[in-house]
$ cat protein-v7.cif   # mmCIF, C-alpha atoms
data_start
loop_
_atom_site.label_atom_id
_atom_site.label_comp_id
_atom_site.auth_asym_id
_atom_site.auth_seq_id
_atom_site.Cartn_x
_atom_site.Cartn_y
_atom_site.Cartn_z
CA MET U 1 18.19 -14.49 29.03
CA SER U 2 20.44 -13.72 26.07
CA GLU U 3 22.09 -10.40 25.35
CA LEU U 4 19.79 -9.84 22.38
CA SER U 5 16.70 -10.60 24.48
CA LEU U 6 17.79 -8.02 27.04
CA ARG U 7 18.40 -5.46 24.32
CA ALA U 8 14.95 -6.16 22.88
CA GLU U 9 13.36 -5.46 26.28
CA LYS U 10 15.20 -2.15 26.58
CA LEU U 11 14.25 -1.14 23.04
CA ASP U 12 10.59 -1.97 23.69
CA ALA U 13 10.63 0.03 26.92
CA ALA U 14 11.87 3.09 25.04
CA ASP U 15 9.50 2.68 22.08
CA GLU U 16 7.11 5.65 21.75
CA LEU U 17 4.78 3.62 19.50
CA ALA U 18 4.50 0.65 21.86
CA CYS U 19 1.22 1.99 23.26
CA LYS U 20 -0.41 1.53 19.86
CA ARG U 21 -0.26 -2.24 20.20
CA ALA U 22 -3.20 -2.10 22.63
CA GLU U 23 -5.35 -0.74 19.79
CA PHE U 24 -5.05 -4.01 17.86
CA VAL U 25 -6.39 -7.51 18.44
CA THR U 26 -3.22 -9.47 19.22
CA ASP U 27 -2.18 -12.83 20.65
CA ASP U 28 1.10 -14.56 21.41
CA VAL U 29 1.92 -15.11 17.73
CA VAL U 30 4.74 -13.05 16.22
CA TYR U 31 2.89 -11.60 13.24
CA LEU U 32 5.29 -10.50 10.50
CA ASP U 33 2.88 -10.63 7.58
CA GLY U 34 1.30 -7.19 7.86
CA ASN U 35 2.75 -6.43 4.42
CA SER U 36 0.11 -8.86 3.09
CA LEU U 37 -2.74 -8.39 5.58
CA GLY U 38 -2.60 -6.03 8.52
CA ALA U 39 -3.82 -7.02 11.98
CA LEU U 40 -7.33 -6.19 13.15
CA PRO U 41 -7.71 -2.81 14.90
CA ALA U 42 -9.79 -3.37 18.04
CA VAL U 43 -12.30 -0.63 17.19
CA VAL U 44 -13.41 -2.24 13.92
CA PRO U 45 -15.77 -5.04 15.06
CA GLY U 46 -17.98 -2.70 17.08
CA ARG U 47 -18.05 -0.12 14.29
CA VAL U 48 -19.01 -2.72 11.69
CA GLU U 49 -21.76 -4.01 13.96
CA ASP U 50 -23.16 -0.48 14.19
CA VAL U 51 -23.02 -0.11 10.40
CA VAL U 52 -24.88 -3.39 9.92
CA ARG U 53 -27.40 -3.25 12.76
CA ARG U 54 -28.21 0.45 13.05
CA GLN U 55 -27.17 2.20 9.87
CA TRP U 56 -28.31 -0.55 7.52
CA GLY U 57 -30.76 -2.41 9.76
CA GLU U 58 -32.65 0.60 11.15
CA LEU U 59 -31.94 3.67 9.04
CA ARG U 60 -31.67 1.72 5.81
CA ILE U 61 -31.59 4.01 2.76
CA ARG U 62 -31.56 7.10 4.96
CA SER U 63 -27.96 6.24 5.85
CA TRP U 64 -26.71 7.44 2.46
CA GLU U 65 -27.26 10.93 3.81
CA GLU U 66 -27.69 10.63 7.59
CA SER U 67 -24.76 8.25 8.14
CA GLY U 68 -22.51 9.85 5.55
CA TRP U 69 -22.36 6.87 3.22
CA TRP U 70 -22.42 8.99 0.07
CA THR U 71 -19.38 11.06 1.00
CA ALA U 72 -17.34 8.16 2.38
CA PRO U 73 -14.95 7.78 -0.60
CA GLU U 74 -13.64 11.34 -0.43
CA ARG U 75 -13.85 11.55 3.38
CA ILE U 76 -11.76 8.40 3.77
CA GLY U 77 -9.46 9.59 0.98
CA ASP U 78 -8.76 12.70 3.03
CA ARG U 79 -8.01 10.44 6.02
CA ILE U 80 -5.43 8.53 3.96
CA ALA U 81 -3.93 11.70 2.46
CA PRO U 82 -1.56 12.71 5.30
CA LEU U 83 -0.19 9.15 5.43
CA VAL U 84 1.08 9.53 1.86
CA GLY U 85 1.97 13.20 1.99
CA ALA U 86 -1.03 14.66 0.18
CA ALA U 87 -3.25 17.63 0.91
CA PRO U 88 -7.00 17.03 1.15
CA GLY U 89 -9.15 16.80 -1.95
CA GLN U 90 -6.83 14.65 -4.05
CA ILE U 91 -7.66 11.06 -3.02
CA VAL U 92 -10.80 8.98 -3.30
CA ALA U 93 -11.17 5.54 -1.73
CA GLY U 94 -12.89 2.77 -3.63
CA ASP U 95 -12.50 -0.08 -6.11
CA SER U 96 -9.49 -2.42 -6.10
CA THR U 97 -5.86 -1.54 -6.69
CA SER U 98 -6.03 -3.16 -10.13
CA VAL U 99 -9.03 -1.04 -11.16
CA ASN U 100 -7.32 2.11 -9.92
CA VAL U 101 -4.09 1.24 -11.76
CA PHE U 102 -6.15 1.00 -14.94
CA LYS U 103 -7.86 4.33 -14.30
CA ALA U 104 -4.59 6.08 -13.46
CA LEU U 105 -2.53 4.65 -16.32
CA VAL U 106 -5.11 5.21 -19.06
CA GLY U 107 -5.82 8.68 -17.63
CA ALA U 108 -2.11 9.49 -17.80
CA VAL U 109 -1.82 8.27 -21.39
CA ARG U 110 -4.80 10.38 -22.42
CA MET U 111 -3.24 13.47 -20.87
CA ALA U 112 0.06 12.78 -22.64
CA GLY U 113 -1.53 12.99 -26.09
CA GLU U 114 -1.39 10.94 -29.28
CA ARG U 115 2.23 11.71 -30.20
CA ARG U 116 3.51 9.86 -27.16
CA ASP U 117 2.98 6.20 -27.99
CA GLU U 118 4.98 4.27 -25.38
CA ILE U 119 4.29 3.20 -21.80
CA LEU U 120 7.10 2.13 -19.49
CA VAL U 121 6.31 -0.34 -16.74
CA ASP U 122 8.39 -1.55 -13.81
CA ALA U 123 9.87 -4.85 -15.01
CA THR U 124 9.91 -6.15 -11.43
CA THR U 125 6.31 -5.13 -10.74
CA PHE U 126 3.66 -7.10 -8.91
CA PRO U 127 2.12 -9.22 -11.72
CA THR U 128 -1.31 -7.61 -11.78
CA ASP U 129 0.19 -4.18 -12.49
CA GLY U 130 1.91 -5.71 -15.50
CA TYR U 131 -1.30 -7.33 -16.70
CA ILE U 132 -3.21 -4.07 -16.38
CA ALA U 133 -0.44 -2.11 -18.11
CA GLU U 134 -0.41 -4.56 -21.01
CA SER U 135 -4.17 -4.29 -21.43
CA ALA U 136 -4.06 -0.49 -21.14
CA ALA U 137 -1.38 -0.35 -23.83
CA ARG U 138 -3.45 -2.51 -26.21
CA MET U 139 -6.61 -0.50 -25.59
CA THR U 140 -4.89 2.86 -26.15
CA GLY U 141 -2.76 1.75 -29.10
CA ARG U 142 0.51 2.22 -27.23
CA THR U 143 3.62 0.06 -26.99
CA LEU U 144 4.48 -1.34 -23.57
CA ARG U 145 8.12 -1.60 -22.53
CA PRO U 146 9.17 -3.27 -19.25
CA VAL U 147 12.17 -1.51 -17.69
CA ALA U 148 13.97 -2.02 -14.37
CA PRO U 149 13.33 1.05 -12.17
CA ALA U 150 17.03 1.95 -12.04
CA ASP U 151 17.10 2.00 -15.86
CA VAL U 152 14.05 4.23 -16.30
CA PRO U 153 15.97 7.55 -16.72
CA GLY U 154 17.90 6.14 -19.67
CA ALA U 155 14.78 4.65 -21.24
CA LEU U 156 12.72 7.86 -21.24
CA GLY U 157 12.25 9.84 -24.41
CA PRO U 158 9.87 11.92 -26.53
CA ARG U 159 7.70 8.84 -27.15
CA THR U 160 7.12 8.16 -23.44
CA ALA U 161 3.55 8.84 -22.34
CA ALA U 162 3.51 7.41 -18.82
CA VAL U 163 5.60 5.34 -16.44
CA LEU U 164 4.10 2.89 -13.94
CA LEU U 165 6.39 2.11 -11.00
CA ASN U 166 6.23 0.38 -7.62
CA HIS U 167 7.51 2.39 -4.67
CA VAL U 168 8.65 -0.79 -2.88
CA ASP U 169 9.41 -4.10 -4.59
CA TYR U 170 6.99 -6.66 -3.18
CA ARG U 171 9.51 -9.53 -3.31
CA THR U 172 12.71 -7.97 -2.04
CA GLY U 173 11.55 -4.93 -0.09
CA ARG U 174 13.76 -2.63 -2.17
CA LEU U 175 12.65 1.01 -1.91
CA HIS U 176 12.85 2.82 -5.24
CA ASP U 177 13.75 6.48 -5.66
CA LEU U 178 10.34 8.13 -5.98
CA PRO U 179 11.62 11.74 -5.97
CA GLY U 180 14.41 11.12 -8.46
CA LEU U 181 12.43 8.94 -10.84
CA THR U 182 9.42 11.27 -10.78
CA HIS U 183 11.71 14.19 -11.66
CA ALA U 184 13.26 12.21 -14.53
CA VAL U 185 9.81 11.31 -15.89
CA HIS U 186 8.74 14.95 -15.78
CA GLU U 187 11.94 16.10 -17.49
CA ALA U 188 10.97 13.82 -20.37
CA GLY U 189 7.50 15.36 -20.52
CA ALA U 190 5.73 12.19 -19.36
CA TYR U 191 3.48 11.31 -16.41
CA ALA U 192 4.49 9.33 -13.32
CA VAL U 193 2.10 6.75 -11.86
CA TRP U 194 3.17 5.12 -8.58
CA ASP U 195 1.90 1.99 -6.85
CA LEU U 196 2.15 2.57 -3.08
CA CYS U 197 0.84 -0.79 -1.86
CA HIS U 198 4.01 -1.68 0.02
CA SER U 199 4.93 1.79 1.28
CA ALA U 200 1.80 3.62 2.45
CA GLY U 201 1.62 3.38 6.22
CA ALA U 202 5.21 2.18 6.52
CA LEU U 203 7.30 5.14 5.36
CA PRO U 204 7.02 8.73 4.13
CA VAL U 205 5.87 9.02 0.51
CA GLY U 206 5.59 12.76 -0.18
CA LEU U 207 3.19 12.73 -3.13
CA ASP U 208 2.64 16.50 -3.14
CA GLU U 209 6.21 17.36 -2.22
CA HIS U 210 7.66 15.38 -5.11
CA GLY U 211 5.03 16.29 -7.69
CA VAL U 212 3.72 12.79 -8.31
CA ASP U 213 1.02 12.87 -10.97
CA LEU U 214 -1.11 9.86 -10.08
CA ALA U 215 -0.82 7.15 -7.46
CA VAL U 216 -2.74 4.11 -6.29
CA GLY U 217 -2.54 1.86 -3.28
CA CYS U 218 -4.31 -0.80 -1.28
CA THR U 219 -5.40 -0.39 2.34
CA TYR U 220 -5.28 -3.94 3.72
CA LYS U 221 -1.53 -4.07 4.32
CA TYR U 222 0.12 -1.44 6.54
CA LEU U 223 -3.13 0.55 6.75
CA ASN U 224 -4.91 -2.46 8.35
CA GLY U 225 -8.21 -1.96 6.52
CA GLY U 226 -9.15 -5.64 6.41
CA PRO U 227 -9.22 -8.33 3.71
CA GLY U 228 -10.25 -6.83 0.38
CA SER U 229 -10.67 -3.35 1.83
CA PRO U 230 -11.06 -0.56 -0.76
CA ALA U 231 -8.03 0.81 -2.56
CA TYR U 232 -7.52 4.49 -3.38
CA LEU U 233 -6.64 6.78 -6.26
CA TYR U 234 -4.59 9.99 -6.00
CA VAL U 235 -4.81 12.61 -8.75
CA ARG U 236 -2.60 15.67 -8.29
CA ARG U 237 -4.74 18.77 -7.90
CA GLU U 238 -3.25 20.54 -10.93
CA LEU U 239 -4.23 17.61 -13.16
CA GLN U 240 -7.74 16.96 -11.92
CA ASP U 241 -9.54 19.04 -14.54
CA ARG U 242 -7.66 17.13 -17.27
CA PHE U 243 -8.04 13.66 -15.78
CA ASP U 244 -10.22 11.68 -18.18
CA SER U 245 -11.16 8.45 -16.44
CA PRO U 246 -11.61 5.41 -18.69
CA LEU U 247 -14.33 4.24 -16.27
CA PRO U 248 -16.88 7.07 -16.09
CA GLY U 249 -19.58 5.89 -13.73
CA TRP U 250 -22.64 7.54 -12.31
CA ASN U 251 -20.85 8.20 -9.02
CA SER U 252 -18.32 10.41 -10.81
CA HIS U 253 -20.92 12.38 -12.77
CA ALA U 254 -21.30 16.07 -12.03
CA GLU U 255 -25.00 15.37 -11.40
CA PRO U 256 -25.11 11.75 -10.23
CA PHE U 257 -28.84 11.82 -9.59
CA GLY U 258 -29.66 13.75 -12.76
CA MET U 259 -29.67 10.45 -14.67
CA ARG U 260 -28.57 12.19 -17.84
CA THR U 261 -27.61 10.19 -20.91
CA GLY U 262 -24.48 12.27 -21.49
CA TYR U 263 -21.52 12.07 -19.15
CA ALA U 264 -20.17 15.20 -17.48
CA PRO U 265 -17.35 14.55 -14.97
CA ALA U 266 -17.55 15.84 -11.42
CA PRO U 267 -14.96 18.43 -10.41
CA GLY U 268 -11.78 17.50 -8.58
CA ALA U 269 -10.83 14.07 -7.32
CA LEU U 270 -14.46 12.95 -7.36
CA ARG U 271 -14.09 12.06 -11.03
CA GLY U 272 -12.02 9.11 -9.84
CA ARG U 273 -15.17 7.48 -8.45
CA VAL U 274 -17.04 4.93 -10.55
CA GLY U 275 -20.00 3.04 -9.09
CA THR U 276 -21.76 2.61 -5.77
CA PRO U 277 -19.24 2.49 -2.90
CA ASP U 278 -18.78 -0.81 -1.05
CA ILE U 279 -20.03 0.63 2.21
CA LEU U 280 -19.41 -2.25 4.65
CA SER U 281 -15.72 -2.56 3.85
CA MET U 282 -15.40 1.20 3.30
CA LEU U 283 -16.59 2.02 6.82
CA ALA U 284 -14.53 -0.80 8.34
CA LEU U 285 -11.52 0.90 6.73
CA GLU U 286 -12.56 4.26 8.11
CA ALA U 287 -12.66 2.82 11.61
CA ALA U 288 -9.30 1.10 11.13
CA LEU U 289 -7.64 4.37 10.17
CA GLU U 290 -8.35 5.75 13.64
CA VAL U 291 -5.27 3.91 14.94
CA TRP U 292 -3.25 6.56 13.10
CA ASP U 293 -4.54 9.36 15.31
CA GLY U 294 -1.56 11.07 16.89
CA VAL U 295 0.99 9.02 14.93
CA SER U 296 3.60 10.60 12.69
CA VAL U 297 4.78 8.71 9.63
CA ALA U 298 8.32 9.83 10.49
CA ALA U 299 8.12 7.97 13.81
CA VAL U 300 6.79 4.89 12.03
CA ARG U 301 9.67 5.00 9.57
CA ALA U 302 12.27 5.39 12.34
CA LYS U 303 10.89 2.35 14.16
CA SER U 304 10.60 0.36 10.95
CA LEU U 305 14.29 0.86 10.20
CA ALA U 306 15.22 0.04 13.81
CA LEU U 307 13.13 -3.16 13.69
CA THR U 308 14.60 -4.35 10.41
CA ASP U 309 18.14 -3.48 11.50
CA PHE U 310 17.65 -5.42 14.73
CA PHE U 311 16.12 -8.38 12.88
CA LEU U 312 19.12 -8.57 10.55
CA GLU U 313 21.46 -8.42 13.54
CA CYS U 314 19.54 -11.23 15.26
CA VAL U 315 19.50 -13.33 12.09
CA ALA U 316 23.27 -12.93 11.78
CA ARG U 317 23.64 -14.11 15.39
CA TYR U 318 21.13 -16.96 15.47
CA VAL U 319 20.97 -18.41 11.95
CA PRO U 320 23.77 -20.81 10.91
CA GLU U 321 26.15 -19.22 8.42
CA GLY U 322 25.24 -19.76 4.79
CA ARG U 323 21.65 -20.89 5.42
CA VAL U 324 20.01 -17.62 4.28
CA GLU U 325 20.87 -14.75 1.96
CA CYS U 326 19.33 -11.32 2.48
CA LEU U 327 17.77 -9.89 -0.70
CA THR U 328 16.70 -6.62 0.92
CA PRO U 329 19.17 -3.72 0.60
CA MET U 330 21.18 -2.83 3.68
CA ALA U 331 21.06 0.92 2.96
CA HIS U 332 18.16 2.60 4.74
CA ALA U 333 17.43 4.78 1.70
CA GLU U 334 16.81 1.63 -0.34
CA ARG U 335 14.81 -0.41 2.19
CA GLY U 336 11.07 -0.63 2.67
CA SER U 337 9.55 -2.21 5.78
CA GLN U 338 10.20 -5.86 5.05
CA ILE U 339 13.11 -8.28 4.96
CA ALA U 340 13.34 -10.95 2.27
CA LEU U 341 15.66 -13.89 2.89
CA ARG U 342 16.57 -16.43 0.22
CA CYS U 343 16.53 -19.90 1.73
CA ASP U 344 16.59 -23.49 0.48
CA ASP U 345 13.23 -25.21 1.02
CA ALA U 346 11.73 -21.83 1.89
CA GLY U 347 8.14 -23.03 1.55
CA ASP U 348 8.65 -25.85 4.06
CA VAL U 349 10.66 -23.58 6.37
CA MET U 350 7.85 -21.02 6.49
CA LYS U 351 5.30 -23.72 7.33
CA ARG U 352 7.51 -24.82 10.23
CA LEU U 353 7.90 -21.23 11.44
CA ILE U 354 4.14 -20.69 11.40
CA ALA U 355 3.64 -23.89 13.38
CA GLN U 356 5.93 -22.37 16.03
CA GLY U 357 4.06 -19.08 16.20
CA VAL U 358 6.13 -16.95 13.81
CA VAL U 359 4.04 -15.86 10.83
CA GLY U 360 5.67 -14.52 7.69
CA ASP U 361 5.09 -15.62 4.12
CA PHE U 362 6.71 -17.53 1.29
CA ARG U 363 7.32 -16.28 -2.23
CA ALA U 364 8.25 -18.86 -4.85
CA PRO U 365 10.70 -20.23 -5.45
CA ASP U 366 12.91 -19.61 -2.43
CA VAL U 367 12.05 -16.42 -0.51
CA LEU U 368 11.05 -16.03 3.14
CA ARG U 369 9.37 -12.66 3.48
CA PHE U 370 8.92 -10.86 6.80
CA GLY U 371 6.94 -7.62 7.08
CA PHE U 372 7.41 -5.23 9.99
CA THR U 373 4.39 -3.14 10.97
CA PRO U 374 5.66 -0.67 13.58
CA LEU U 375 2.28 0.01 15.17
CA TYR U 376 2.01 -3.49 16.65
CA VAL U 377 5.36 -5.28 16.12
CA GLY U 378 7.91 -4.92 18.91
CA PHE U 379 11.60 -5.64 19.30
CA ALA U 380 10.96 -8.72 21.45
CA ASP U 381 8.86 -10.07 18.57
CA VAL U 382 11.77 -9.52 16.21
CA GLU U 383 14.28 -11.26 18.49
CA ARG U 384 11.93 -14.23 18.97
CA ALA U 385 11.31 -14.55 15.24
CA ALA U 386 15.04 -14.66 14.45
CA ARG U 387 15.68 -17.09 17.29
CA VAL U 388 12.97 -19.47 16.08
CA LEU U 389 14.26 -19.15 12.50
CA GLY U 390 17.76 -20.00 13.65
CA ALA U 391 16.58 -23.07 15.59
CA THR U 392 14.49 -24.20 12.62
CA LEU U 393 17.44 -23.96 10.24
CA ALA U 394 20.02 -25.41 12.65
#
$ encode --input "protein-v7.cif" --output "structure tokens"
Amino acid sequence: MSELSLRAEKLDAADELACKRAEFVTDDVVYLDGNSLGALPAVVPGRVEDVVRRQWGELRIRSWEESGWWTAPERIGDRIAPLVGAAPGQIVAGDSTSVNVFKALVGAVRMAGERRDEILVDATTFPTDGYIAESAARMTGRTLRPVAPADVPGALGPRTAAVLLNHVDYRTGRLHDLPGLTHAVHEAGAYAVWDLCHSAGALPVGLDEHGVDLAVGCTYKYLNGGPGSPAYLYVRRELQDRFDSPLPGWNSHAEPFGMRTGYAPAPGALRGRVGTPDILSMLALEAALEVWDGVSVAAVRAKSLALTDFFLECVARYVPEGRVECLTPMAHAERGSQIALRCDDAGDVMKRLIAQGVVGDFRAPDVLRFGFTPLYVGFADVERAARVLGATLA
């Protein structure tokens, strides 16, 4: 057994989160793609069966009240809230990330007023955020300007209405300065909208602490909600009465069953709702979030950094020199919970890794991307992944 294998065993033995692995459905595969789709929490299948067979099959329409279907979006939002540093009553679950980006960005522009006619968007953003931002700019008569996150402070001005940023870059795993950039946006009199898809459930976010205005995120990555599980929308409490959603649906009406022709928004975060909640996936997500009981985000972050540090050390030891280049920052303050390695023939290399039981993903044209989900990834997994990568590239 190698020195690194022995160290991995010792690190796993001392890991306070190791017990959480038993709450997931696992096998002998090293699964390092939880930044795309989280593993299945073991409680979910039974809960979904109950929702289908009893709540839907037996209670039927009574379940909107008796099984709590109607209040699921805000109840689950409150369950997500502590994972992103928010007090209750500011998050609703539902719709997709893209739909929530649209709601948040247009809502921010409307709050900013007509004199502010420019939207800044993260130039390195996940493509759909850029598409939505471009459409939102056209629909609101604003100009869209892509800007690298580091250049945002210098690009802000009296014309800026809102800024849409990603907390973690999906390609490289770079962690952007949410506190500093939010402060700069506010100093310019604009509104900050953050995409938390690659940070929620992996590291502290601090939405309330840092005064973030609006935020969105998915739940199928580090939150393990399942494929296509509902996203969520955060609206800071102080802004809720001014938040004017561009998608006013009957679920966000002050009297949803009044069936009135005129729209009157519900109070608080509820005005972020739109239509009928997708109950099957919503309640699967609610069950999945139970794995977070008793877990602190600070402990998750500490293990995430330890895992990624150890992976980089193992890669340096096992992978032939010059075969990969790390795109993820070395500094902890600039690193999310993934490692991106540039590699020739990366697509073929990832296929070979998967065939050997190490699952990451490939991003064109040349990036191997490995996500580290501290609740079920251990140090022995990390050592094995780097060892297999080294043998594959030898």
$ closest_residue --input "protein-v7.cif" --among "U:His332, U:Ser135, U:Gly249, U:Pro320" --to "Thr276 (chain U)" --atoms "only C-alpha atoms"
U:Gly249
$ resolve_selection --input "protein-v7.cif" --expression "the PyMOL selection byres ((chain U and resi 238) around 10)" --output "list in words"
Gln90, Gly211, Asp213, Val235, Arg236, Arg237, Leu239, Gln240, Asp241, Arg242, Phe243 and Gly268 of chain U
$ write_last_selection --input "protein-v7.cif" --atoms "C-alpha atoms" --output "PDB file, keeping the file's coordinate frame"
ATOM      1  CA  GLN U  90      -6.830  14.650  -4.050  1.00  0.00           C
ATOM      2  CA  GLY U 211       5.030  16.290  -7.690  1.00  0.00           C
ATOM      3  CA  ASP U 213       1.020  12.870 -10.970  1.00  0.00           C
ATOM      4  CA  VAL U 235      -4.810  12.610  -8.750  1.00  0.00           C
ATOM      5  CA  ARG U 236      -2.600  15.670  -8.290  1.00  0.00           C
ATOM      6  CA  ARG U 237      -4.740  18.770  -7.900  1.00  0.00           C
ATOM      7  CA  LEU U 239      -4.230  17.610 -13.160  1.00  0.00           C
ATOM      8  CA  GLN U 240      -7.740  16.960 -11.920  1.00  0.00           C
ATOM      9  CA  ASP U 241      -9.540  19.040 -14.540  1.00  0.00           C
ATOM     10  CA  ARG U 242      -7.660  17.130 -17.270  1.00  0.00           C
ATOM     11  CA  PHE U 243      -8.040  13.660 -15.780  1.00  0.00           C
ATOM     12  CA  GLY U 268     -11.780  17.500  -8.580  1.00  0.00           C
TER      13      GLY U 268
END
$ residues_around --input "protein-v7.cif" --residues "region 290-302 of chain U" --least-positions-apart "4" --cutoff "6 Å" --atoms "only C-alpha atoms" --output "list in words"
Leu203, Pro204 and Pro374 of chain U
$ write_last_selection --input "protein-v7.cif" --atoms "C-alpha atoms" --output "mmCIF file, in the frame of the given file"
data_model
loop_
_atom_site.group_PDB
_atom_site.id
_atom_site.type_symbol
_atom_site.label_atom_id
_atom_site.label_comp_id
_atom_site.auth_asym_id
_atom_site.auth_seq_id
_atom_site.Cartn_x
_atom_site.Cartn_y
_atom_site.Cartn_z
ATOM 1 C CA LEU U 203 7.300 5.140 5.360
ATOM 2 C CA PRO U 204 7.020 8.730 4.130
ATOM 3 C CA PRO U 374 5.660 -0.670 13.580
#
$ atom_distance --input "protein-v7.cif" --atom1 "CA of Ile132 (chain U)" --atom2 "CA of Ile279 (chain U)"
25.5 Å
$ closest_residue --input "protein-v7.cif" --among "U:Ala86, U:Ala137, U:Leu32, U:Val163" --to "Asp122 (chain U)" --atoms "only C-alpha atoms"
U:Val163
$ decode --input "protein-v7.cif" --residues "region 47-71 of chain U" --atoms "C-alpha atoms" --output "short mmCIF file (atom, residue, chain, number, x, y, z; two decimals), in the first residue's frame"
data_model
loop_
_atom_site.label_atom_id
_atom_site.label_comp_id
_atom_site.auth_asym_id
_atom_site.auth_seq_id
_atom_site.Cartn_x
_atom_site.Cartn_y
_atom_site.Cartn_z
CA ARG U 47 -40.73 8.82 0.27
CA VAL U 48 -41.57 9.11 -3.42
CA GLU U 49 -43.45 5.82 -3.26
CA ASP U 50 -45.54 7.20 -0.40
CA VAL U 51 -46.24 10.39 -2.37
CA VAL U 52 -47.37 8.39 -5.40
CA ARG U 53 -49.24 5.52 -3.75
CA ARG U 54 -50.80 7.12 -0.67
CA GLN U 55 -50.83 10.88 -1.12
CA TRP U 56 -51.76 10.83 -4.79
CA GLY U 57 -53.23 7.33 -5.09
CA GLU U 58 -55.44 7.38 -1.98
CA LEU U 59 -55.87 10.94 -0.75
CA ARG U 60 -55.82 12.44 -4.22
CA ILE U 61 -56.86 16.11 -4.22
CA ARG U 62 -57.09 16.13 -0.43
CA SER U 63 -53.29 16.02 -0.35
CA TRP U 64 -53.04 19.68 -1.35
CA GLU U 65 -54.08 20.43 2.22
CA GLU U 66 -53.68 17.20 4.21
CA SER U 67 -50.24 16.30 2.83
CA GLY U 68 -48.97 19.87 2.70
CA TRP U 69 -48.61 20.05 -1.06
CA TRP U 70 -49.77 23.66 -1.26
CA THR U 71 -47.16 25.00 1.15
#
